[in-house]
>>> print(open('query_15.cif').read())   # mmCIF, C-alpha atoms and all ligand atoms
data_model
loop_
_atom_site.label_atom_id
_atom_site.label_comp_id
_atom_site.auth_asym_id
_atom_site.auth_seq_id
_atom_site.Cartn_x
_atom_site.Cartn_y
_atom_site.Cartn_z
CA MET A 7 -19.94 -14.42 31.05
CA THR A 8 -21.53 -16.32 33.93
CA LYS A 9 -22.45 -14.14 36.89
CA HIS A 10 -19.55 -13.65 39.32
CA ILE A 11 -20.39 -14.88 42.81
CA PRO A 12 -18.85 -12.47 45.34
CA ARG A 13 -16.05 -14.08 47.37
CA ARG A 14 -16.11 -13.17 51.02
CA ARG A 15 -12.50 -14.14 51.56
CA PHE A 16 -11.51 -11.39 49.12
CA GLY A 17 -13.79 -8.84 50.79
CA GLN A 18 -15.92 -8.54 47.66
CA ASN A 19 -18.64 -5.95 48.17
CA PHE A 20 -19.18 -4.35 44.80
CA LEU A 21 -20.18 -0.71 44.49
CA VAL A 22 -23.50 -0.28 42.69
CA ASP A 23 -24.61 3.24 43.69
CA ARG A 24 -24.01 5.44 40.64
CA GLY A 25 -24.19 8.65 42.68
CA ILE A 26 -21.48 7.43 45.06
CA ILE A 27 -19.32 6.16 42.19
CA ALA A 28 -19.59 9.56 40.48
CA ALA A 29 -18.76 11.36 43.74
CA ILE A 30 -15.64 9.25 44.29
CA VAL A 31 -14.39 9.75 40.73
CA ALA A 32 -15.09 13.48 41.00
CA ALA A 33 -13.09 13.62 44.25
CA ILE A 34 -10.17 11.82 42.56
CA ASP A 35 -10.47 14.10 39.51
CA PRO A 36 -8.26 11.95 37.26
CA ARG A 37 -6.55 13.65 34.32
CA LEU A 38 -5.50 12.07 31.00
CA GLY A 39 -1.78 11.59 31.70
CA ASP A 40 -2.12 10.65 35.39
CA THR A 41 -0.62 7.35 36.54
CA VAL A 42 -3.63 5.90 38.32
CA VAL A 43 -3.38 2.55 40.14
CA GLU A 44 -6.61 0.89 41.23
CA ILE A 45 -6.40 -1.75 43.93
CA GLY A 46 -9.12 -4.38 43.61
CA PRO A 47 -11.00 -3.35 40.44
CA GLY A 48 -13.49 -6.18 40.94
CA LEU A 49 -16.32 -5.90 38.44
CA GLY A 50 -15.18 -2.46 37.36
CA ALA A 51 -17.48 -0.04 39.21
CA LEU A 52 -14.68 2.50 39.56
CA THR A 53 -12.49 1.08 36.81
CA GLU A 54 -14.77 2.01 33.92
CA PRO A 55 -15.26 5.69 34.85
CA LEU A 56 -11.53 5.96 35.64
CA LEU A 57 -10.65 4.48 32.23
CA SER A 58 -12.87 7.00 30.53
CA ARG A 59 -10.74 9.79 32.04
CA VAL A 60 -7.15 8.49 31.73
CA ASP A 61 -5.02 7.17 28.86
CA HIS A 62 -3.90 4.11 30.78
CA LEU A 63 -4.84 2.44 34.05
CA HIS A 64 -2.91 0.06 36.32
CA VAL A 65 -4.93 -2.40 38.39
CA VAL A 66 -3.89 -4.86 41.12
CA GLU A 67 -6.35 -7.74 41.54
CA ILE A 68 -5.99 -11.03 43.43
CA ASP A 69 -9.06 -12.90 42.13
CA ARG A 70 -7.99 -14.83 39.02
CA ASP A 71 -11.54 -15.07 37.65
CA LEU A 72 -11.89 -11.29 37.80
CA VAL A 73 -8.42 -10.92 36.26
CA ALA A 74 -9.45 -13.19 33.36
CA CYS A 75 -12.55 -11.08 32.86
CA LEU A 76 -10.52 -7.84 32.88
CA ARG A 77 -8.08 -9.35 30.35
CA ARG A 78 -10.96 -10.14 28.00
CA GLN A 79 -12.42 -6.66 28.32
CA HIS A 80 -9.38 -4.41 28.13
CA SER A 81 -6.37 -4.17 25.85
CA PRO A 82 -2.84 -3.97 27.34
CA GLN A 83 -2.56 -0.54 25.73
CA ARG A 84 -5.31 0.74 28.00
CA MET A 85 -4.79 -1.37 31.10
CA THR A 86 -1.87 -3.04 32.86
CA ILE A 87 -3.16 -5.86 35.04
CA HIS A 88 -0.98 -6.81 38.01
CA GLU A 89 -2.38 -10.14 39.15
CA GLY A 90 -1.66 -10.84 42.80
CA ASP A 91 -1.85 -9.69 46.37
CA ALA A 92 -1.71 -5.90 46.86
CA LEU A 93 -0.16 -6.54 50.29
CA ALA A 94 2.92 -8.00 48.60
CA PHE A 95 2.91 -5.74 45.55
CA ASP A 96 5.89 -3.45 44.92
CA PHE A 97 4.10 -0.24 43.92
CA ALA A 98 7.43 1.45 43.07
CA THR A 99 7.71 -0.83 40.01
CA ILE A 100 4.91 1.18 38.38
CA GLY A 101 6.77 4.46 38.65
CA SER A 102 6.35 7.69 40.56
CA ASP A 103 3.71 10.38 41.12
CA LEU A 104 1.19 7.56 41.51
CA ARG A 105 -2.46 8.18 42.19
CA VAL A 106 -3.60 5.12 44.13
CA VAL A 107 -7.32 4.44 44.48
CA GLY A 108 -9.54 1.62 45.61
CA ASN A 109 -12.61 0.34 47.31
CA LEU A 110 -10.44 -1.74 49.57
CA PRO A 111 -11.18 -5.20 50.91
CA TYR A 112 -11.96 -4.41 54.55
CA ASN A 113 -10.26 -7.52 55.91
CA ILE A 114 -6.83 -6.29 54.81
CA SER A 115 -7.25 -2.51 54.87
CA THR A 116 -5.06 -1.71 57.90
CA PRO A 117 -2.02 -3.78 56.83
CA LEU A 118 -2.50 -2.49 53.29
CA LEU A 119 -2.39 1.13 54.52
CA PHE A 120 0.85 0.42 56.40
CA HIS A 121 2.25 -1.30 53.29
CA LEU A 122 1.32 1.68 51.11
CA ALA A 123 2.85 4.14 53.60
CA ASN A 124 6.22 2.62 52.58
CA TYR A 125 5.67 3.95 49.05
CA ALA A 126 4.66 7.48 50.03
CA ASP A 127 7.66 8.91 48.16
CA ALA A 128 6.29 7.48 44.91
CA VAL A 129 2.72 8.64 45.50
CA ARG A 130 0.91 11.87 44.63
CA ASP A 131 -2.29 10.98 46.45
CA MET A 132 -4.50 8.08 47.54
CA HIS A 133 -8.30 7.79 47.70
CA PHE A 134 -9.78 4.83 49.49
CA MET A 135 -13.15 3.47 50.47
CA LEU A 136 -12.74 1.89 53.89
CA GLN A 137 -14.80 0.72 56.77
CA LYS A 138 -16.04 3.94 58.41
CA GLU A 139 -14.53 2.90 61.71
CA VAL A 140 -11.08 2.75 60.07
CA VAL A 141 -11.53 6.23 58.57
CA GLU A 142 -12.51 7.47 62.03
CA ARG A 143 -9.21 6.09 63.34
CA ILE A 144 -7.21 7.58 60.46
CA VAL A 145 -8.49 11.14 61.00
CA ALA A 146 -8.83 10.99 64.83
CA LEU A 147 -7.20 13.76 66.85
CA PRO A 148 -5.41 13.51 70.23
CA GLY A 149 -8.00 12.98 72.96
CA ASP A 150 -10.43 11.17 70.64
CA ALA A 151 -11.28 7.61 71.63
CA ASP A 152 -10.21 6.46 68.14
CA PHE A 153 -6.79 8.13 68.26
CA GLY A 154 -4.17 5.38 68.03
CA ARG A 155 -1.24 3.90 66.17
CA LEU A 156 -2.96 4.12 62.78
CA SER A 157 -3.79 7.83 63.34
CA VAL A 158 -0.26 8.75 64.38
CA MET A 159 1.62 6.77 61.72
CA LEU A 160 -0.60 7.87 58.84
CA GLN A 161 -0.92 11.50 59.99
CA TYR A 162 2.87 11.66 60.36
CA ARG A 163 3.31 10.68 56.70
CA PHE A 164 0.12 12.08 55.07
CA HIS A 165 -2.35 14.90 55.13
CA VAL A 166 -5.60 13.05 55.70
CA GLU A 167 -9.12 14.14 54.79
CA TRP A 168 -12.50 12.46 55.32
CA LEU A 169 -14.43 12.92 52.08
CA LEU A 170 -17.80 11.15 52.25
CA ASP A 171 -19.83 8.54 54.06
CA VAL A 172 -21.20 5.55 52.15
CA PRO A 173 -24.08 3.42 53.48
CA PRO A 174 -24.23 -0.41 53.14
CA GLU A 175 -26.99 -0.19 50.47
CA SER A 176 -24.46 1.30 48.05
CA PHE A 177 -22.88 -2.16 47.67
CA ASP A 178 -23.86 -5.59 46.41
CA PRO A 179 -23.79 -7.56 48.62
CA PRO A 180 -24.19 -4.90 51.32
CA PRO A 181 -21.47 -5.10 54.00
CA LYS A 182 -22.48 -5.24 57.67
CA VAL A 183 -20.71 -1.95 58.37
CA ASP A 184 -20.82 1.67 57.24
CA SER A 185 -18.10 2.88 54.90
CA ALA A 186 -16.37 6.16 54.16
CA VAL A 187 -13.96 7.57 51.59
CA VAL A 188 -10.70 9.14 52.71
CA ARG A 189 -7.98 11.08 50.88
CA LEU A 190 -4.32 10.80 51.86
CA ILE A 191 -1.69 13.16 50.43
CA PRO A 192 1.97 12.48 51.27
CA LYS A 193 3.65 15.27 53.21
CA ALA A 194 6.71 16.98 51.71
CA ALA A 195 10.10 15.70 52.87
CA THR A 196 10.59 19.00 54.72
CA GLU A 197 7.55 18.22 56.88
CA LEU A 198 8.94 14.83 57.97
CA ASP A 199 11.17 15.43 60.94
CA ALA A 200 11.55 11.96 62.47
CA ARG A 201 15.27 11.19 62.29
CA ASP A 202 14.60 7.46 62.31
CA PRO A 203 11.10 6.48 61.08
CA ALA A 204 11.59 2.91 62.36
CA ARG A 205 12.19 4.25 65.85
CA LEU A 206 9.08 6.45 65.60
CA GLU A 207 7.08 3.37 64.64
CA LYS A 208 8.48 1.48 67.64
CA VAL A 209 7.78 4.33 70.11
CA VAL A 210 4.19 4.69 68.84
CA GLN A 211 3.60 0.95 69.02
CA GLN A 212 4.96 0.78 72.56
CA ALA A 213 3.01 3.84 73.76
CA PHE A 214 -0.29 2.43 72.48
CA SER A 215 0.40 -1.16 73.50
CA GLN A 216 -1.60 -0.53 76.68
CA ARG A 217 -3.48 2.61 75.83
CA ARG A 218 -5.06 3.14 79.27
CA LYS A 219 -1.68 3.10 81.01
CA MET A 220 0.40 6.16 81.77
CA LEU A 221 3.34 6.98 79.53
CA ARG A 222 5.82 6.61 82.39
CA ASN A 223 4.89 2.90 82.33
CA THR A 224 4.40 2.24 78.64
CA LEU A 225 7.54 4.18 77.65
CA ARG A 226 9.77 2.62 80.29
CA GLY A 227 13.16 2.07 78.68
CA VAL A 228 12.39 4.71 76.03
CA LEU A 229 12.02 7.92 78.03
CA ASP A 230 13.16 8.44 81.63
CA ALA A 231 12.04 11.14 84.08
CA GLU A 232 14.71 13.48 82.81
CA GLY A 233 13.53 12.92 79.23
CA PHE A 234 9.89 13.64 80.10
CA ALA A 235 10.98 16.86 81.83
CA ALA A 236 13.26 17.93 78.98
CA LEU A 237 10.47 17.47 76.44
CA GLY A 238 7.82 19.02 78.68
CA ILE A 239 5.66 15.89 78.45
CA ASP A 240 3.59 14.82 81.46
CA PRO A 241 4.63 11.26 82.43
CA GLY A 242 1.13 10.79 83.86
CA ALA A 243 -0.46 11.38 80.45
CA ARG A 244 -1.57 8.56 78.15
CA ALA A 245 -0.57 7.90 74.54
CA GLU A 246 -3.96 9.14 73.33
CA ASP A 247 -3.21 12.60 74.84
CA LEU A 248 -0.05 13.21 72.79
CA ALA A 249 0.16 15.09 69.50
CA VAL A 250 1.85 13.45 66.51
CA ALA A 251 4.71 15.96 66.95
CA ASP A 252 5.20 14.76 70.56
CA PHE A 253 5.78 11.19 69.37
CA VAL A 254 8.35 12.53 66.90
CA ARG A 255 10.14 14.48 69.66
CA ILE A 256 10.25 11.37 71.86
CA ALA A 257 11.60 9.24 69.00
CA ASN A 258 14.20 11.89 68.11
CA ARG A 259 15.46 12.37 71.64
CA ARG A 260 17.99 9.56 71.70
CA ALA A 261 18.25 8.76 68.02
N1 LIG A 301 -13.56 -1.91 43.06
C1 LIG A 301 -14.70 -2.81 43.06
C2 LIG A 301 -15.95 -2.05 43.45
O1 LIG A 301 -15.81 -0.94 43.97
O2 LIG A 301 -17.04 -2.55 43.24
C3 LIG A 301 -14.47 -4.00 43.98
C4 LIG A 301 -14.25 -3.67 45.44
S1 LIG A 301 -14.23 -5.08 46.51
C5 LIG A 301 -14.63 -4.29 48.05
C6 LIG A 301 -12.52 -5.45 46.78
C7 LIG A 301 -11.73 -5.92 45.56
O3 LIG A 301 -10.36 -6.18 45.96
C8 LIG A 301 -12.21 -7.22 44.96
O4 LIG A 301 -12.15 -7.13 43.56
C9 LIG A 301 -11.23 -8.28 45.48
O5 LIG A 301 -11.11 -9.41 44.65
C10 LIG A 301 -9.94 -7.47 45.52
N2 LIG A 301 -8.97 -7.95 46.50
C11 LIG A 301 -9.19 -8.55 47.68
N3 LIG A 301 -8.07 -8.83 48.33
C12 LIG A 301 -7.06 -8.36 47.53
C13 LIG A 301 -5.65 -8.33 47.64
N4 LIG A 301 -5.03 -8.84 48.72
N5 LIG A 301 -4.93 -7.80 46.63
C14 LIG A 301 -5.56 -7.29 45.52
N6 LIG A 301 -6.90 -7.27 45.37
C15 LIG A 301 -7.63 -7.79 46.36
#
>>> encode(input="query_15.cif", output="structure tokens", more="lines below")
Ligand code: SAM
Amino acid sequence: MTKHIPRRRFGQNFLVDRGIIAAIVAAIDPRLGDTVVEIGPGLGALTEPLLSRVDHLHVVEIDRDLVACLRRQHSPQRMTIHEGDALAFDFATIGSDLRVVGNLPYNISTPLLFHLANYADAVRDMHFMLQKEVVERIVALPGDADFGRLSVMLQYRFHVEWLLDVPPESFDPPPKVDSAVVRLIPKAATELDARDPARLEKVVQQAFSQRRKMLRNTLRGVLDAEGFAALGIDPGARAEDLAVADFVRIANRRA
């Protein structure tokens, strides 16, 4: 095969550091019968060690040259190749109890995380390599500068855990940014107390739309003075000061 030239538009930075690859696979700890779905297998850095640990692997890849290469290398018995855009992919078609993994293309990682959050019911866990700055936002706590919409919406739906940092030299070509690996485990239905998840999403979006402004301004039309008092939330606080549970209480108040 001729050498694949990495395509920037598909965020192609291929993992080459064997130590990091082994650490990621060890963190995933795939077992034979697991339903593992890899997003963006690329040249197979994670794919090969995953395949050596499971009976069958699902992959979602957008680059048709890489798909052709995967088709030549792997039988349908061992690998199901879903050619196309992971952002538009219906993960529920694969089944349930999914273990989703990937060294994600950084240019689409945030919308992809929101897309995947829709399938949390069908997922056992997810392990992703992301731009470190995105992982910082995912795990940020109230009061942190990085605490925002991504933190609240993902922490509402998942237990999140920062696993390891990965420097640019671990990739070919090296990206301009640092990376990190994060684990997301869907919370049990009993832990999800938003009565209307769409309303929670709307409240969070509105509260963070102007993050330096006080909640009495950003939540105008959502929560009045009486509402702030009833919930014991300071109207002079900012969105970044609230706990995830506070956003849920606000969203539930009139739902
Ligand atoms: N997993 C490989 C590795 O670790 O070396 C490749 C990782 S590379 C950062 C991202 C991979 O995702 C590439 O194979 C790229 O073609 C693929 N990709 C990019 N955009 C995609 C999309 N929207 N849907 C599915 N795959 C995509």
>>> closest_residue(input="query_15.cif", among="A:Pro148, A:Pro181, A:Ala123, A:Met159", to="ligand LIG 301 (chain A)", atoms="only C-alpha atoms and all ligand atoms")
A:Pro181
>>> closest_atom_pairs(input="query_15.cif", of="chain A", to="ligand LIG 301 (chain A)", cutoff="6 Å", atoms="only C-alpha atoms and all ligand atoms", output="JSON lines")
{"residue": "A:Phe16", "atom": "CA", "partner": "A:LIG301", "partner_atom": "C11", "distance": 3.9}
{"residue": "A:Gly17", "atom": "CA", "partner": "A:LIG301", "partner_atom": "C5", "distance": 5.4}
{"residue": "A:Gln18", "atom": "CA", "partner": "A:LIG301", "partner_atom": "S1", "distance": 4.0}
{"residue": "A:Asn19", "atom": "CA", "partner": "A:LIG301", "partner_atom": "C5", "distance": 4.3}
{"residue": "A:Phe20", "atom": "CA", "partner": "A:LIG301", "partner_atom": "O2", "distance": 3.2}
{"residue": "A:Leu21", "atom": "CA", "partner": "A:LIG301", "partner_atom": "O2", "distance": 3.8}
{"residue": "A:Ile45", "atom": "CA", "partner": "A:LIG301", "partner_atom": "N6", "distance": 5.7}
{"residue": "A:Gly46", "atom": "CA", "partner": "A:LIG301", "partner_atom": "O3", "distance": 3.2}
{"residue": "A:Pro47", "atom": "CA", "partner": "A:LIG301", "partner_atom": "N1", "distance": 3.9}
{"residue": "A:Gly48", "atom": "CA", "partner": "A:LIG301", "partner_atom": "O4", "distance": 3.1}
{"residue": "A:Leu49", "atom": "CA", "partner": "A:LIG301", "partner_atom": "C1", "distance": 5.8}
{"residue": "A:Gly50", "atom": "CA", "partner": "A:LIG301", "partner_atom": "C1", "distance": 5.7}
{"residue": "A:Ala51", "atom": "CA", "partner": "A:LIG301", "partner_atom": "O2", "distance": 4.8}
{"residue": "A:Leu52", "atom": "CA", "partner": "A:LIG301", "partner_atom": "O1", "distance": 5.7}
{"residue": "A:Val66", "atom": "CA", "partner": "A:LIG301", "partner_atom": "C14", "distance": 5.3}
{"residue": "A:Glu67", "atom": "CA", "partner": "A:LIG301", "partner_atom": "N6", "distance": 3.9}
{"residue": "A:Ile68", "atom": "CA", "partner": "A:LIG301", "partner_atom": "C14", "distance": 4.3}
{"residue": "A:Asp69", "atom": "CA", "partner": "A:LIG301", "partner_atom": "O5", "distance": 4.8}
{"residue": "A:Gly90", "atom": "CA", "partner": "A:LIG301", "partner_atom": "N5", "distance": 5.9}
{"residue": "A:Asp91", "atom": "CA", "partner": "A:LIG301", "partner_atom": "N5", "distance": 3.6}
{"residue": "A:Ala92", "atom": "CA", "partner": "A:LIG301", "partner_atom": "N5", "distance": 3.7}
{"residue": "A:Leu93", "atom": "CA", "partner": "A:LIG301", "partner_atom": "N4", "distance": 5.6}
{"residue": "A:Gly108", "atom": "CA", "partner": "A:LIG301", "partner_atom": "N1", "distance": 5.9}
{"residue": "A:Asn109", "atom": "CA", "partner": "A:LIG301", "partner_atom": "C4", "distance": 4.7}
{"residue": "A:Leu110", "atom": "CA", "partner": "A:LIG301", "partner_atom": "C6", "distance": 5.1}
{"residue": "A:Pro111", "atom": "CA", "partner": "A:LIG301", "partner_atom": "C6", "distance": 4.3}
>>> closest_residue(input="query_15.cif", among="A:Val129, A:Ile30, A:Glu54, A:Val140", to="Asn113 of chain A", atoms="only C-alpha atoms")
A:Val140
>>> residues_around(input="query_15.cif", residues="segment 169-179 of chain A", least_positions_apart="5", cutoff="9 Å", atoms="all atoms listed in the file", output="list in words")
Pro12, Gln18, Asn19, Phe20, Leu21, Val22, Asp23, Arg24, Ile26, Ala29, Ile30, Ala33, Met135, Lys138, Asp184, Ser185, Ala186, Val187, Val188 and Arg189 of chain A
>>> write_last_selection(input="query_15.cif", atoms="C-alpha atoms", output="CSV table (one decimal), in the frame of the given file")
chain,number,residue,atom,x,y,z
A,12,PRO,CA,-18.8,-12.5,45.3
A,18,GLN,CA,-15.9,-8.5,47.7
A,19,ASN,CA,-18.6,-6.0,48.2
A,20,PHE,CA,-19.2,-4.4,44.8
A,21,LEU,CA,-20.2,-0.7,44.5
A,22,VAL,CA,-23.5,-0.3,42.7
A,23,ASP,CA,-24.6,3.2,43.7
A,24,ARG,CA,-24.0,5.4,40.6
A,26,ILE,CA,-21.5,7.4,45.1
A,29,ALA,CA,-18.8,11.4,43.7
A,30,ILE,CA,-15.6,9.2,44.3
A,33,ALA,CA,-13.1,13.6,44.2
A,135,MET,CA,-13.2,3.5,50.5
A,138,LYS,CA,-16.0,3.9,58.4
A,184,ASP,CA,-20.8,1.7,57.2
A,185,SER,CA,-18.1,2.9,54.9
A,186,ALA,CA,-16.4,6.2,54.2
A,187,VAL,CA,-14.0,7.6,51.6
A,188,VAL,CA,-10.7,9.1,52.7
A,189,ARG,CA,-8.0,11.1,50.9
>>> closest_residue(input="query_15.cif", among="A:Ala200, A:Val158, A:Ile191, A:Val228", to="Glu246 of chain A", atoms="only C-alpha atoms")
A:Val158
>>> closest_residue(input="query_15.cif", among="A:Thr196, A:Gln161, A:Thr86, A:Gln216", to="Glu44 of chain A", atoms="only C-alpha atoms")
A:Thr86
>>> residues_around(input="query_15.cif", residues="Arg37 of chain A", least_positions_apart="2", cutoff="12 Å", atoms="only C-alpha atoms", output="MDAnalysis selection string")
chainID A and resid 31:35 39:42 55:63 105
>>> write_last_selection(input="query_15.cif", atoms="C-alpha atoms", output="short mmCIF file (atom, residue, chain, number, x, y, z; two decimals), in the frame of the given file")
data_model
loop_
_atom_site.label_atom_id
_atom_site.label_comp_id
_atom_site.auth_asym_id
_atom_site.auth_seq_id
_atom_site.Cartn_x
_atom_site.Cartn_y
_atom_site.Cartn_z
CA VAL A 31 -14.39 9.75 40.73
CA ALA A 32 -15.09 13.48 41.00
CA ALA A 33 -13.09 13.62 44.25
CA ILE A 34 -10.17 11.82 42.56
CA ASP A 35 -10.47 14.10 39.51
CA GLY A 39 -1.78 11.59 31.70
CA ASP A 40 -2.12 10.65 35.39
CA THR A 41 -0.62 7.35 36.54
CA VAL A 42 -3.63 5.90 38.32
CA PRO A 55 -15.26 5.69 34.85
CA LEU A 56 -11.53 5.96 35.64
CA LEU A 57 -10.65 4.48 32.23
CA SER A 58 -12.87 7.00 30.53
CA ARG A 59 -10.74 9.79 32.04
CA VAL A 60 -7.15 8.49 31.73
CA ASP A 61 -5.02 7.17 28.86
CA HIS A 62 -3.90 4.11 30.78
CA LEU A 63 -4.84 2.44 34.05
CA ARG A 105 -2.46 8.18 42.19
#
>>> closest_residue(input="query_15.cif", among="A:Arg244, A:Glu167, A:Leu122, A:Thr8", to="Arg143 of chain A", atoms="only C-alpha atoms")
A:Glu167
>>> atom_distance(input="query_15.cif", atom1="atom CA of Arg201 of chain A", atom2="atom CA of Asn258 of chain A")
6.0 Å
>>> build_atoms(input="query_15.cif", residues="segment 70-78 of chain A", atoms="all heavy atoms", output="JSON list (two decimals), in the frame of the given file")
[["chain", "number", "residue", "atom", "x", "y", "z"],
["A", 70, "ARG", "N", -8.38, -14.49, 40.40],
["A", 70, "ARG", "CA", -7.99, -14.83, 39.02],
["A", 70, "ARG", "C", -9.17, -14.84, 38.06],
["A", 70, "ARG", "O", -9.00, -14.58, 36.87],
["A", 70, "ARG", "CB", -7.21, -16.14, 38.97],
["A", 70, "ARG", "CG", -7.98, -17.34, 39.47],
["A", 70, "ARG", "CD", -7.22, -18.60, 39.20],
["A", 70, "ARG", "NE", -5.95, -18.63, 39.95],
["A", 70, "ARG", "CZ", -5.24, -19.72, 40.15],
["A", 70, "ARG", "NH1", -5.64, -20.86, 39.64],
["A", 70, "ARG", "NH2", -4.14, -19.69, 40.85],
["A", 71, "ASP", "N", -10.37, -15.11, 38.54],
["A", 71, "ASP", "CA", -11.54, -15.07, 37.65],
["A", 71, "ASP", "C", -11.80, -13.62, 37.19],
["A", 71, "ASP", "O", -12.12, -13.38, 36.02],
["A", 71, "ASP", "CB", -12.80, -15.58, 38.38],
["A", 71, "ASP", "CG", -12.70, -17.08, 38.65],
["A", 71, "ASP", "OD1", -11.86, -17.74, 38.00],
["A", 71, "ASP", "OD2", -13.44, -17.56, 39.52],
["A", 72, "LEU", "N", -11.67, -12.70, 38.16],
["A", 72, "LEU", "CA", -11.89, -11.29, 37.80],
["A", 72, "LEU", "C", -10.77, -10.79, 36.89],
["A", 72, "LEU", "O", -11.00, -10.01, 35.97],
["A", 72, "LEU", "CB", -11.97, -10.43, 39.07],
["A", 72, "LEU", "CG", -13.19, -10.70, 39.96],
["A", 72, "LEU", "CD1", -13.13, -9.88, 41.24],
["A", 72, "LEU", "CD2", -14.48, -10.38, 39.20],
["A", 73, "VAL", "N", -9.55, -11.29, 37.11],
["A", 73, "VAL", "CA", -8.42, -10.92, 36.26],
["A", 73, "VAL", "C", -8.68, -11.40, 34.83],
["A", 73, "VAL", "O", -8.48, -10.65, 33.86],
["A", 73, "VAL", "CB", -7.10, -11.52, 36.81],
["A", 73, "VAL", "CG1", -5.99, -11.45, 35.77],
["A", 73, "VAL", "CG2", -6.68, -10.79, 38.09],
["A", 74, "ALA", "N", -9.17, -12.64, 34.70],
["A", 74, "ALA", "CA", -9.45, -13.19, 33.36],
["A", 74, "ALA", "C", -10.49, -12.33, 32.65],
["A", 74, "ALA", "O", -10.38, -12.03, 31.45],
["A", 74, "ALA", "CB", -9.94, -14.63, 33.49],
["A", 75, "CYS", "N", -11.47, -11.91, 33.40],
["A", 75, "CYS", "CA", -12.55, -11.08, 32.86],
["A", 75, "CYS", "C", -11.99, -9.72, 32.39],
["A", 75, "CYS", "O", -12.29, -9.25, 31.29],
["A", 75, "CYS", "CB", -13.57, -10.92, 33.98],
["A", 75, "CYS", "SG", -15.05, -10.18, 33.49],
["A", 76, "LEU", "N", -11.13, -9.13, 33.23],
["A", 76, "LEU", "CA", -10.52, -7.84, 32.88],
["A", 76, "LEU", "C", -9.67, -7.98, 31.62],
["A", 76, "LEU", "O", -9.66, -7.10, 30.75],
["A", 76, "LEU", "CB", -9.65, -7.33, 34.03],
["A", 76, "LEU", "CG", -10.39, -6.83, 35.28],
["A", 76, "LEU", "CD1", -9.44, -6.74, 36.47],
["A", 76, "LEU", "CD2", -11.02, -5.46, 35.00],
["A", 77, "ARG", "N", -8.96, -9.13, 31.52],
["A", 77, "ARG", "CA", -8.08, -9.35, 30.35],
["A", 77, "ARG", "C", -8.91, -9.43, 29.07],
["A", 77, "ARG", "O", -8.47, -8.98, 28.01],
["A", 77, "ARG", "CB", -7.28, -10.64, 30.52],
["A", 77, "ARG", "CG", -6.16, -10.50, 31.51],
["A", 77, "ARG", "CD", -4.90, -11.29, 31.10],
["A", 77, "ARG", "NE", -3.83, -10.90, 32.00],
["A", 77, "ARG", "CZ", -3.51, -11.57, 33.11],
["A", 77, "ARG", "NH1", -4.13, -12.69, 33.43],
["A", 77, "ARG", "NH2", -2.54, -11.12, 33.90],
["A", 78, "ARG", "N", -10.10, -10.02, 29.19],
["A", 78, "ARG", "CA", -10.96, -10.14, 28.00],
["A", 78, "ARG", "C", -11.48, -8.76, 27.60],
["A", 78, "ARG", "O", -11.67, -8.48, 26.43],
["A", 78, "ARG", "CB", -12.14, -11.06, 28.29],
["A", 78, "ARG", "CG", -11.80, -12.55, 28.21],
["A", 78, "ARG", "CD", -13.06, -13.40, 28.12],
["A", 78, "ARG", "NE", -13.90, -13.29, 29.31],
["A", 78, "ARG", "CZ", -13.74, -14.01, 30.41],
["A", 78, "ARG", "NH1", -12.77, -14.91, 30.48],
["A", 78, "ARG", "NH2", -14.54, -13.86, 31.44]]
